[in-house]
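A.B. asks: So here's coords-v1.txt (compact mmCIF, C-alpha atoms and all ligand atoms).
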# COMPACT_ATOMS: atom_id res chain seq x y z
CA MET A 1 70.77 104.93 135.47
CA SER A 2 74.15 106.48 136.13
CA GLY A 3 76.67 108.60 134.29
CA GLY A 4 74.22 111.02 132.56
CA GLY A 5 76.22 113.99 133.81
CA ALA A 6 79.18 113.00 131.66
CA ALA A 7 77.11 113.27 128.48
CA ALA A 8 79.08 115.98 126.72
CA PRO A 9 81.31 115.97 123.63
CA GLY A 10 84.56 114.27 124.56
CA ALA A 11 82.79 111.97 127.03
CA LEU A 12 83.87 108.93 125.03
CA VAL A 13 87.46 108.80 126.26
CA ASP A 14 88.02 105.53 128.07
CA THR A 15 90.09 104.86 131.19
CA HIS A 16 93.07 104.02 128.94
CA GLY A 17 92.96 107.43 127.25
CA ARG A 18 91.45 106.27 123.96
CA ALA A 19 88.98 108.71 122.36
CA HIS A 20 86.14 106.92 120.58
CA ARG A 21 84.90 108.22 117.24
CA ASP A 22 83.58 105.25 115.36
CA LEU A 23 80.31 103.36 115.89
CA ARG A 24 79.91 100.03 114.04
CA ILE A 25 76.28 99.10 113.76
CA SER A 26 75.13 95.61 112.92
CA LEU A 27 71.83 96.11 111.11
CA THR A 28 70.84 92.45 110.96
CA ASP A 29 72.22 89.05 111.91
CA HIS A 30 70.83 87.55 108.67
CA CYS A 31 73.04 86.89 105.68
CA ASN A 32 72.72 85.58 102.14
CA LEU A 33 76.13 83.84 102.36
CA ARG A 34 77.35 81.30 104.89
CA CYS A 35 81.10 81.93 105.10
CA THR A 36 82.59 78.99 106.94
CA TYR A 37 84.68 81.22 109.24
CA CYS A 38 81.61 83.20 110.28
CA MET A 39 78.34 81.26 110.18
CA PRO A 40 77.23 77.63 110.36
CA ALA A 41 75.65 76.07 107.26
CA GLU A 42 72.30 75.72 109.00
CA GLY A 43 70.64 75.99 112.37
CA VAL A 44 71.34 79.66 113.12
CA ALA A 45 69.27 80.99 116.03
CA TRP A 46 68.11 84.28 114.44
CA LEU A 47 67.29 87.29 116.54
CA PRO A 48 63.52 87.72 116.90
CA ARG A 49 62.35 90.38 114.44
CA GLU A 50 60.76 92.52 117.14
CA GLU A 51 64.13 92.82 118.87
CA LEU A 52 65.79 94.52 115.90
CA LEU A 53 66.10 98.29 116.17
CA ASP A 54 63.94 100.21 113.74
CA PRO A 55 65.28 103.28 111.88
CA GLY A 56 63.82 105.70 114.44
CA GLU A 57 65.49 103.85 117.32
CA LEU A 58 68.78 103.69 115.44
CA MET A 59 68.69 107.44 114.79
CA ARG A 60 68.09 108.16 118.45
CA ILE A 61 71.14 106.10 119.45
CA VAL A 62 73.36 107.55 116.73
CA ARG A 63 72.25 111.09 117.59
CA ILE A 64 73.28 110.53 121.22
CA GLY A 65 76.59 108.99 120.10
CA LEU A 66 77.31 112.04 117.94
CA ARG A 67 76.52 114.33 120.85
CA LEU A 68 79.10 112.39 122.89
CA GLY A 69 81.85 112.73 120.29
CA LEU A 70 81.35 110.03 117.65
CA THR A 71 81.97 111.19 114.08
CA GLU A 72 81.79 108.00 111.99
CA VAL A 73 79.19 105.30 111.55
CA ARG A 74 79.90 102.02 109.75
CA LEU A 75 76.95 99.82 108.86
CA THR A 76 77.56 96.10 108.88
CA GLY A 77 76.00 92.83 109.96
CA GLY A 78 75.23 90.05 109.05
CA GLU A 79 74.61 91.47 105.63
CA PRO A 80 73.48 95.12 105.91
CA LEU A 81 72.05 95.19 102.38
CA LEU A 82 69.42 92.65 103.43
CA ARG A 83 67.67 95.37 105.42
CA PRO A 84 64.78 96.54 103.22
CA ASP A 85 65.13 100.00 104.81
CA ILE A 86 68.89 100.29 104.17
CA VAL A 87 68.69 103.34 101.89
CA GLU A 88 66.47 105.15 104.38
CA ILE A 89 68.84 104.29 107.24
CA VAL A 90 71.87 105.64 105.35
CA ALA A 91 70.04 108.82 104.37
CA ARG A 92 68.81 109.49 107.88
CA ILE A 93 72.21 108.90 109.51
CA ALA A 94 73.97 111.02 106.88
CA ALA A 95 71.57 113.89 107.63
CA LEU A 96 72.37 113.89 111.38
CA GLN A 97 74.87 116.39 112.73
CA THR A 98 77.63 116.50 115.32
CA PRO A 99 77.51 119.30 117.91
CA THR A 100 79.80 121.32 115.61
CA GLY A 101 77.40 120.96 112.70
CA GLU A 102 79.23 118.33 110.66
CA HIS A 103 77.56 115.30 109.18
CA PRO A 104 78.90 111.90 110.24
CA GLU A 105 80.82 109.77 107.75
CA VAL A 106 78.62 106.84 106.79
CA SER A 107 80.36 103.75 105.47
CA MET A 108 79.45 100.11 105.06
CA THR A 109 80.96 96.64 105.11
CA THR A 110 79.08 94.31 102.81
CA ASN A 111 79.47 91.05 100.94
CA GLY A 112 78.53 93.03 97.82
CA LEU A 113 75.82 90.69 96.54
CA TYR A 114 73.21 93.44 96.29
CA LEU A 115 75.50 96.33 95.36
CA SER A 116 74.64 96.12 91.67
CA ARG A 117 71.16 97.29 92.52
CA LEU A 118 71.90 99.43 95.57
CA ALA A 119 75.25 101.18 95.06
CA GLU A 120 73.77 104.19 93.29
CA PRO A 121 70.83 104.82 95.64
CA LEU A 122 73.18 104.39 98.60
CA VAL A 123 75.59 106.99 97.26
CA ASP A 124 72.67 109.33 96.60
CA ALA A 125 71.59 108.75 100.21
CA GLY A 126 75.03 109.79 101.51
CA LEU A 127 77.15 106.63 101.73
CA THR A 128 80.79 107.70 101.38
CA ARG A 129 82.83 104.51 101.56
CA VAL A 130 82.36 100.80 101.14
CA ASN A 131 84.35 97.72 102.12
CA VAL A 132 83.47 94.59 100.20
CA SER A 133 84.50 91.16 101.44
CA LEU A 134 85.97 88.81 98.87
CA ASP A 135 88.23 85.88 99.64
CA THR A 136 88.76 84.27 96.26
CA LEU A 137 88.48 84.89 92.52
CA ARG A 138 87.67 81.25 91.76
CA PRO A 139 84.01 80.25 91.60
CA ASP A 140 84.55 76.75 93.03
CA ARG A 141 86.42 78.16 96.01
CA PHE A 142 83.84 80.87 96.50
CA LEU A 143 81.22 78.15 96.73
CA ALA A 144 83.33 76.17 99.22
CA LEU A 145 84.06 79.24 101.36
CA THR A 146 80.62 80.83 101.38
CA ARG A 147 78.42 77.77 100.62
CA ARG A 148 76.75 79.81 97.86
CA ASP A 149 77.57 80.07 94.15
CA ARG A 150 77.55 83.87 93.94
CA LEU A 151 81.05 85.06 92.95
CA ALA A 152 79.77 86.75 89.77
CA ASP A 153 77.30 88.81 91.80
CA VAL A 154 80.03 90.05 94.14
CA LEU A 155 82.28 91.05 91.24
CA ALA A 156 79.38 92.85 89.54
CA GLY A 157 78.58 94.56 92.85
CA ILE A 158 82.15 95.81 93.23
CA GLU A 159 82.05 97.22 89.70
CA ALA A 160 78.73 98.92 90.38
CA ALA A 161 80.11 100.47 93.57
CA ALA A 162 83.13 101.82 91.70
CA ALA A 163 80.89 103.18 88.94
CA ALA A 164 78.69 104.86 91.56
CA GLY A 165 81.73 106.79 92.82
CA LEU A 166 82.69 104.78 95.90
CA ARG A 167 86.33 104.54 94.83
CA PRO A 168 88.72 103.43 96.20
CA ILE A 169 86.88 100.30 97.27
CA LYS A 170 88.47 98.42 100.13
CA VAL A 171 88.32 94.68 99.62
CA ASN A 172 88.53 92.56 102.79
CA THR A 173 90.10 89.15 102.31
CA LEU A 174 90.42 86.32 104.78
CA LEU A 175 92.80 83.49 103.93
CA MET A 176 92.13 79.99 105.22
CA ARG A 177 94.93 77.45 105.28
CA GLY A 178 94.56 74.84 102.58
CA VAL A 179 91.53 76.62 101.11
CA ASN A 180 92.59 79.93 99.53
CA ASP A 181 95.97 80.74 101.10
CA ASP A 182 97.71 80.26 97.74
CA GLU A 183 95.67 83.09 96.21
CA ALA A 184 97.15 86.12 97.99
CA VAL A 185 99.26 87.24 95.03
CA ASP A 186 96.48 86.73 92.45
CA LEU A 187 94.06 88.72 94.60
CA VAL A 188 96.50 91.61 94.96
CA ARG A 189 97.20 91.62 91.19
CA TRP A 190 93.46 91.74 90.52
CA ALA A 191 92.89 94.54 93.04
CA VAL A 192 95.81 96.65 91.82
CA ALA A 193 94.64 96.33 88.20
CA ALA A 194 91.09 97.33 89.15
CA GLY A 195 92.14 100.19 91.46
CA HIS A 196 90.85 98.61 94.67
CA GLU A 197 92.65 98.47 98.03
CA LEU A 198 92.97 94.90 99.22
CA ARG A 199 93.40 94.21 102.93
CA PHE A 200 94.06 90.78 104.36
CA ILE A 201 92.37 90.12 107.71
CA GLU A 202 93.67 87.49 110.09
CA HIS A 203 91.10 84.90 111.02
CA MET A 204 89.79 85.68 114.50
CA PRO A 205 88.08 83.40 117.04
CA LEU A 206 84.58 84.65 116.25
CA ASP A 207 83.01 81.87 114.20
CA ALA A 208 79.67 80.45 115.27
CA GLY A 209 81.05 76.91 115.48
CA HIS A 210 84.01 77.91 117.72
CA THR A 211 86.32 76.04 115.36
CA TRP A 212 89.12 78.63 115.25
CA ARG A 213 92.57 77.15 115.89
CA ARG A 214 95.58 79.38 116.27
CA ALA A 215 97.87 76.88 114.53
CA GLU A 216 95.64 76.88 111.43
CA MET A 217 95.40 80.65 111.16
CA VAL A 218 97.29 82.20 108.24
CA THR A 219 99.30 84.96 109.93
CA GLY A 220 99.99 88.44 108.64
CA GLU A 221 103.66 87.59 108.55
CA GLU A 222 103.06 84.60 106.28
CA ILE A 223 100.93 86.71 103.98
CA LEU A 224 103.61 89.39 103.78
CA GLY A 225 106.17 86.71 103.03
CA ALA A 226 104.13 85.48 100.07
CA LEU A 227 103.48 89.01 98.78
CA GLY A 228 107.11 90.05 99.29
CA ALA A 229 108.19 87.28 96.92
CA ALA A 230 106.00 88.69 94.14
CA PHE A 231 106.00 92.47 94.72
CA ALA A 232 108.26 95.19 96.05
CA LEU A 233 106.52 96.31 99.27
CA THR A 234 107.30 99.69 100.87
CA PRO A 235 105.58 100.62 104.17
CA VAL A 236 103.01 103.41 104.03
CA PRO A 237 103.51 105.71 107.06
CA ALA A 238 100.78 107.06 109.40
CA ARG A 239 98.57 104.24 110.50
CA GLY A 240 96.66 106.28 113.16
CA ALA A 241 93.59 104.47 114.51
CA ALA A 242 93.25 102.46 111.29
CA PRO A 243 93.76 98.76 111.90
CA ALA A 244 95.50 98.00 108.59
CA GLU A 245 99.25 98.24 108.20
CA ARG A 246 99.73 99.20 104.57
CA TRP A 247 102.40 98.81 101.93
CA TYR A 248 102.85 100.38 98.52
CA VAL A 249 102.86 97.68 95.86
CA ASP A 250 105.76 97.98 93.40
CA GLY A 251 106.34 101.63 94.33
CA GLY A 252 102.63 102.61 94.46
CA PRO A 253 100.28 104.35 94.22
CA ALA A 254 98.44 101.02 94.75
CA THR A 255 98.60 99.70 98.30
CA VAL A 256 97.90 96.45 100.10
CA GLY A 257 96.98 96.18 103.79
CA VAL A 258 97.26 93.56 106.48
CA ILE A 259 94.96 93.63 109.50
CA ALA A 260 96.81 91.38 111.91
CA SER A 261 94.28 91.57 114.72
CA VAL A 262 95.56 88.41 116.36
CA THR A 263 99.33 88.49 115.94
CA ARG A 264 99.82 92.30 116.01
CA PRO A 265 96.83 93.69 117.92
CA PHE A 266 96.09 97.39 117.50
CA CYS A 267 93.92 97.71 120.61
CA GLY A 268 96.03 100.63 121.90
CA ALA A 269 94.67 102.81 119.06
CA CYS A 270 91.10 101.45 119.10
CA ASP A 271 88.42 104.13 118.63
CA ARG A 272 85.38 101.86 118.13
CA LEU A 273 82.16 101.02 119.83
CA ARG A 274 79.71 98.47 118.47
CA LEU A 275 75.96 98.27 118.46
CA THR A 276 74.30 94.92 117.80
CA ALA A 277 71.15 94.67 115.68
CA ASP A 278 69.13 94.11 118.86
CA GLY A 279 70.38 97.27 120.50
CA GLN A 280 73.21 96.07 122.73
CA LEU A 281 76.26 98.30 123.01
CA ARG A 282 79.64 96.54 123.07
CA ASN A 283 82.96 98.17 123.85
CA CYS A 284 84.94 95.52 121.90
CA LEU A 285 84.40 92.76 119.32
CA PHE A 286 85.61 90.39 122.01
CA ALA A 287 83.71 91.88 124.96
CA ARG A 288 82.14 89.33 127.28
CA GLU A 289 79.40 91.72 128.35
CA GLU A 290 77.02 94.10 126.59
CA SER A 291 75.10 97.20 127.68
CA ASP A 292 71.42 97.08 126.87
CA LEU A 293 70.22 100.25 125.13
CA ARG A 294 67.06 98.77 123.58
CA THR A 295 65.15 98.01 126.80
CA PRO A 296 65.55 101.47 128.39
CA LEU A 297 65.01 103.15 125.01
CA ARG A 298 61.69 101.34 124.59
CA ALA A 299 60.79 102.03 128.22
CA GLY A 300 61.02 105.79 127.68
CA ALA A 301 64.55 106.56 128.94
CA SER A 302 65.76 110.14 128.42
CA ASP A 303 68.67 111.06 126.15
CA ASP A 304 70.79 111.65 129.26
CA ASP A 305 69.97 108.17 130.58
CA LEU A 306 71.00 106.61 127.26
CA ALA A 307 74.15 108.74 127.10
CA GLY A 308 74.98 107.47 130.58
CA ILE A 309 74.81 103.90 129.32
CA PHE A 310 77.28 104.77 126.52
CA VAL A 311 79.68 106.29 129.03
CA ASP A 312 79.36 103.42 131.52
CA CYS A 313 79.90 100.86 128.77
CA LEU A 314 83.06 102.62 127.68
CA ARG A 315 84.33 102.93 131.23
CA ARG A 316 84.49 99.12 131.39
CA LYS A 317 86.52 98.76 128.20
CA LEU A 318 89.62 96.62 128.73
CA PRO A 319 93.02 97.65 127.35
CA GLY A 320 93.06 94.78 124.84
CA HIS A 321 91.10 91.89 123.35
CA GLY A 322 93.06 89.26 125.27
CA ILE A 323 93.13 86.66 122.45
CA ASN A 324 96.77 85.99 123.23
CA GLU A 325 96.24 85.58 126.98
CA PRO A 326 95.83 82.17 128.64
CA GLY A 327 92.29 82.69 130.00
CA PHE A 328 90.82 84.02 126.72
CA LEU A 329 87.20 83.06 126.11
CA GLN A 330 85.51 83.56 122.74
CA PRO A 331 82.41 85.79 122.96
CA GLN A 332 79.04 84.03 122.95
CA ARG A 333 77.84 85.78 119.82
CA PRO A 334 79.47 85.04 116.47
CA MET A 335 80.83 87.80 114.19
CA SER A 336 77.63 87.81 112.11
CA ALA A 337 75.60 88.79 115.18
CA ILE A 338 78.08 91.29 116.67
CA GLY A 339 78.84 93.10 113.44
CA GLY A 340 82.26 92.81 111.81
N1 LIG B 401 78.38 90.50 105.53
C1 LIG B 401 79.28 91.60 105.43
C2 LIG B 401 80.60 91.18 104.86
O1 LIG B 401 80.87 89.98 104.79
O2 LIG B 401 81.38 92.06 104.52
C3 LIG B 401 79.48 92.35 106.72
C4 LIG B 401 79.64 91.53 107.97
S1 LIG B 401 81.07 90.48 108.03
C5 LIG B 401 80.89 89.76 109.64
C6 LIG B 401 82.36 91.70 108.18
C7 LIG B 401 83.76 91.22 107.97
O3 LIG B 401 84.08 90.30 109.00
C8 LIG B 401 83.99 90.49 106.66
O4 LIG B 401 85.04 91.12 105.97
C9 LIG B 401 84.39 89.09 107.08
O5 LIG B 401 85.37 88.54 106.23
C10 LIG B 401 84.93 89.32 108.46
N2 LIG B 401 84.89 88.14 109.31
C11 LIG B 401 83.85 87.31 109.53
N3 LIG B 401 84.20 86.33 110.38
C12 LIG B 401 85.49 86.57 110.71
C13 LIG B 401 86.43 85.92 111.55
N4 LIG B 401 86.13 84.83 112.24
N5 LIG B 401 87.68 86.44 111.65
C14 LIG B 401 88.01 87.56 110.95
N6 LIG B 401 87.16 88.23 110.16
C15 LIG B 401 85.94 87.73 110.02
FE1 LIG B 402 77.69 86.76 105.82
FE2 LIG B 402 79.63 88.51 106.01
FE3 LIG B 402 79.51 86.45 107.74
FE4 LIG B 402 80.10 85.99 105.20
S1 LIG B 402 81.32 87.20 106.66
S2 LIG B 402 78.60 84.85 106.43
S3 LIG B 402 78.95 87.51 104.12
S4 LIG B 402 78.08 88.09 107.58
Hey, can you dump this file as structure tokens for me?
Ligand code: SAM
Ligand code: SF4
C.D. replies:
Amino acid sequence: MSGGGAAAPGALVDTHGRAHRDLRISLTDHCNLRCTYCMPAEGVAWLPREELLDPGELMRIVRIGLRLGLTEVRLTGGEPLLRPDIVEIVARIAALQTPTGEHPEVSMTTNGLYLSRLAEPLVDAGLTRVNVSLDTLRPDRFLALTRRDRLADVLAGIEAAAAAGLRPIKVNTLLMRGVNDDEAVDLVRWAVAAGHELRFIEHMPLDAGHTWRRAEMVTGEEILGALGAAFALTPVPARGAAPAERWYVDGGPATVGVIASVTRPFCGACDRLRLTADGQLRNCLFAREESDLRTPLRAGASDDDLAGIFVDCLRRKLPGHGINEPGFLQPQRPMSAIGG
């Protein structure tokens, strides 16, 4: 294995000068919803259980990532709260340290269904931030979008997370044309009243059924147009590596964000690496290749060997996701398996 010599803090700067700080870990490809833009209704080819990383293997990988310069870990999936060991995983990651003795930030993206039960233990374990995905406030639409009748559970989960101290909660919303694209203003009103930060995410070509069509995608510009007719929007400065462009709503302090990954890519500021639930490192959501960490890890590779795989993976990172280029090919794995 090559590249072990580069395994020092600061090693995660790619050939385009981007320093990488953030590791997104998919903990499982399973989910208790079936959002139409993410998973098929049935017939998902699940990862074999024995291929999923266990907490000890995850810690080893995160520890090496921290040694190389990562400072943040976001847990996602699939639905991360389906992992029976989720509280243990959060606690063990939160207890790790960077070479300068700081603990990593541990955050999570979840559909919120199990937050009522888990928000408090997760905060006690060291979870600092949560993003909850919610696309509609109408039960019939929730059922149509997610194929499950669970809106009340998500709303209760968001309340539990706020009560457990995870404020401000970021709410991720995806608008689908003809399904919920008339709800942008209602969703922002709800979020502002509740003290949550809503962020609209453009639909990306990552669904299992490969049904994404550019012409059907609700663009960030359209969303801003609809919001601008209902609210006074003032840009919030200092976007940094954060993907959301944000606006104060009616003078603030409440804000709304738009993550226009397709029409206004932010690849130039990307600081993320991704680890799939079966231990494959990806340098981009849209990467066409993965670097296998699980096989060498289980075969007894040294920390330096594994660090070398991180560095090699990053070295191959392209300047952008290429969605807007003619030869673009959607990755084989859907969002639920890569980790959103
Ligand atoms: N199950 C969790 C949840 O829904 O928050 C975590 C995983 S989910 C894949 C993470 C985020 O990806 C969600 O906010 C979801 O809306 C978003 N997502 C899923 N498929 C997407 C797609 N095709 N384009 C854009 N975002 C997508
Ligand atoms: Fe599950 Fe999240 Fe995908 Fe919806 S977006 S199907 S909640 S993984």
A.B. asks: Taking all atoms listed in the file into account, which residues are within 9 Å of ligand LIG 401 (chain B), as a VMD selection string?
C.D. replies: chain A and resid 26 29 to 33 35 to 39 75 to 81 108 to 112 131 to 135 171 to 174 201 to 208 212 261 334 to 340
A.B. asks: So how far away is CA of Leu293 in chain A from CA of Gly279 in chain A, in Å?
C.D. replies: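 One can read the CA of Gly279 in chain A to CA of Leu293 in chain A distance as 5.5 Å.
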A.B. asks: Which residues come within 10 Å of range 321-323 of chain A, counting only C-alpha atoms, excluding same-chain residues fewer than 4 positions away, as a CSV table (one decimal) with C-alpha atoms, in the coordinates of the input?
C.D. replies:
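Generated file (result_29.csv):
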chain,number,residue,atom,x,y,z
A,204,MET,CA,89.8,85.7,114.5
A,205,PRO,CA,88.1,83.4,117.0
A,214,ARG,CA,95.6,79.4,116.3
A,261,SER,CA,94.3,91.6,114.7
A,262,VAL,CA,95.6,88.4,116.4
A,263,THR,CA,99.3,88.5,115.9
A,265,PRO,CA,96.8,93.7,117.9
A,266,PHE,CA,96.1,97.4,117.5
A,267,CYS,CA,93.9,97.7,120.6
A,284,CYS,CA,84.9,95.5,121.9
A,285,LEU,CA,84.4,92.8,119.3
A,286,PHE,CA,85.6,90.4,122.0
A,287,ALA,CA,83.7,91.9,125.0
A,317,LYS,CA,86.5,98.8,128.2
A,327,GLY,CA,92.3,82.7,130.0
A,328,PHE,CA,90.8,84.0,126.7
A,329,LEU,CA,87.2,83.1,126.1
A,330,GLN,CA,85.5,83.6,122.7
A.B. asks: Please define a box with edges along x, y and z of the file around all atoms of ligand LIG 402 (chain B) given in the file, extend it by 4 Å on each side, and return its centre and edge lengths in Å to one decimal, as AutoDock Vina command-line options.
C.D. replies:
--center_x 79.5 --center_y 86.7 --center_z 105.9 --size_x 11.6 --size_y 11.7 --size_z 11.6
A.B. asks: Looking at all atoms listed in the file, which of A:Leu273, A:Ala238, A:Leu198, A:Val311 is the one that sits closest to Thr71 in chain A?
C.D. replies: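 The closest residue to Thr71 in chain A is A:Leu273.
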A.B. asks: Just the number, please: distance in Å from CA of Ala269 in chain A to CA of Ala254 in chain A, one decimal.
C.D. replies: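 CA of Ala254 in chain A lies 24.7 Å from CA of Ala269 in chain A.
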